[in-house]
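**Q** Take a look at the following structure, please.
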Amino acid sequence: KKSVLVLGAATSITAPLFWVIASSDRWFLAEFSSNDVIGVYSMAANIALLGMMLNSSLTLTWVPEACRLYAQDPVATLQPLGRLWERLMGGLALAWLVIVAAGGDVLRLLAAPQFHPGAVYIPWLAGGIFFYGLAGLTNTVFILTNRMRIVVWIWGAGTGVCLGLNAWLIPGEAAYGAALAQCISYGVIGL
């Protein structure tokens, strides 16, 4: 029961931190740029979010299975879980590559011409999604060893990095700075 409560407490803290990271770019853009810039950026972000579907499906499958196998034999399952984790990371990296390669074309196909400049943000935003997926899969180690407190501190640090980068980059670089801030912030958390 205690493990479940600790996990629930950690996720009730990290979920709002995720929301701050995922939303604060638009807050800063609203302060330092125009509605047109926010619209172009948001459209590009929606294309990059295609990777989030893969992240969610992998995490929802991976975590319960990893917990089940680890509970059976913590020592014997470490190597097989590590190999599977490597393959899943390869899948996330491949998804990032596909989104980077096709994201601009998808944006041009689905959106009006005024949104097409957003294609330059997609690689950075998709990179952030990749690092978010990395963090999601890596959380398993902390779940299995009942050390979710560390995850809360990591997400807190990542949120601080995000807010600082948004305040620093967006006034001069606008949406491009927001995309960089997203990628770097999730990179700090993921790594």
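Labeling convention for the structure tokens: chains A, B, ... as they appear, residues from 1 per chain, ligands from 1 in order of appearance.
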Could you give me, as a PyMOL selection string, the residues within 9 Å of range 32-47 of chain A, counting only C-alpha atoms and dropping anything in the same chain fewer than 4 positions from it?

**A** chain A and resi 26-28+51+99+103-104+106-107+111+114-122+125-126+170-172+174-176+178-179

**Q** Restricted to C-alpha atoms, what would the selected residues look like written as a CSV table (one decimal), in the first residue's frame?

**A**
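Generated output (out_16.csv):
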chain,number,residue,atom,x,y,z
A,26,ARG,CA,2.5,29.7,-25.0
A,27,TRP,CA,2.3,31.9,-21.9
A,28,PHE,CA,5.6,33.5,-22.7
A,51,GLY,CA,5.3,11.2,-31.1
A,99,ILE,CA,8.5,13.1,-37.4
A,103,GLY,CA,6.7,16.8,-40.1
A,104,GLY,CA,7.2,19.8,-42.4
A,106,VAL,CA,2.5,16.9,-43.0
A,107,LEU,CA,2.2,20.5,-41.8
A,111,ALA,CA,-2.4,23.5,-42.8
A,114,GLN,CA,0.4,31.0,-43.2
A,115,PHE,CA,1.2,28.1,-40.9
A,116,HIS,CA,4.0,26.6,-43.0
A,117,PRO,CA,6.8,28.6,-41.4
A,118,GLY,CA,6.2,26.4,-38.3
A,119,ALA,CA,8.0,23.5,-40.0
A,120,VAL,CA,11.3,24.8,-38.5
A,121,TYR,CA,10.0,24.3,-35.0
A,122,ILE,CA,9.0,20.6,-35.5
A,125,LEU,CA,9.4,20.1,-30.5
A,126,ALA,CA,9.7,16.4,-31.6
A,170,ILE,CA,11.4,33.8,-26.2
A,171,PRO,CA,11.8,37.6,-26.0
A,172,GLY,CA,14.6,37.5,-28.6
A,174,ALA,CA,10.0,34.1,-30.2
A,175,ALA,CA,8.6,30.7,-31.3
A,176,TYR,CA,12.0,29.3,-32.2
A,178,ALA,CA,10.1,28.4,-27.3
A,179,ALA,CA,10.8,25.2,-29.3

**Q** Which residues are close to Ser185 in chain A, i.e. within 8 Å by only C-alpha atoms, leaving aside same-chain residues fewer than 5 positions away? Reply as a PyMOL selection string.

**A** chain A and resi 21+128+158-159+161-162

**Q** Could you please determine the separation between CA of Gly160 in chain A and CA of Gly136 in chain A in Å, to one decimal place?

**A**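 It comes out at 18.9 Å.
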
**Q** Extract, using only C-alpha atoms, all DNA, RNA and protein residues at most 6 Å from range 148-155 of chain A, discarding same-chain residues fewer than 5 positions from it, and format them as an mmCIF file with C-alpha atoms, in the first residue's frame.

**A**
data_model
loop_
_atom_site.group_PDB
_atom_site.id
_atom_site.type_symbol
_atom_site.label_atom_id
_atom_site.label_comp_id
_atom_site.auth_asym_id
_atom_site.auth_seq_id
_atom_site.Cartn_x
_atom_site.Cartn_y
_atom_site.Cartn_z
ATOM 1 C CA THR A 14 4.884 15.646 -11.563
ATOM 2 C CA PHE A 142 12.458 4.598 -9.920
ATOM 3 C CA ILE A 189 14.472 15.591 -17.422
#

**Q** What is the distance between CA of Ile129 in chain A and CA of Val20 in chain A, in Å to one decimal?

**A**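 Computing the Euclidean distance for CA of Ile129 in chain A and CA of Val20 in chain A yields 14.9 Å.
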
**Q** Which residue gives the smallest distance to Ala10 in chain A among A:Asn166, A:Gln72, A:Asn146, A:Ser24, with only C-alpha atoms counted?

**A** A:Asn146

**Q** Tell me, in Å to one decimal, how far CA of Ala15 in chain A is from CA of Gly190 in chain A.

**A**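 We find that CA of Ala15 in chain A and CA of Gly190 in chain A lie 15.2 Å from each other.
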
**Q** For Leu94 in chain A, which residue out of A:Tyr186, A:Trp19, A:Phe130, A:Trp168 is the nearest one, using only C-alpha atoms?

**A**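 Once distances to Leu94 in chain A are computed over only C-alpha atoms, the minimum belongs to A:Phe130.
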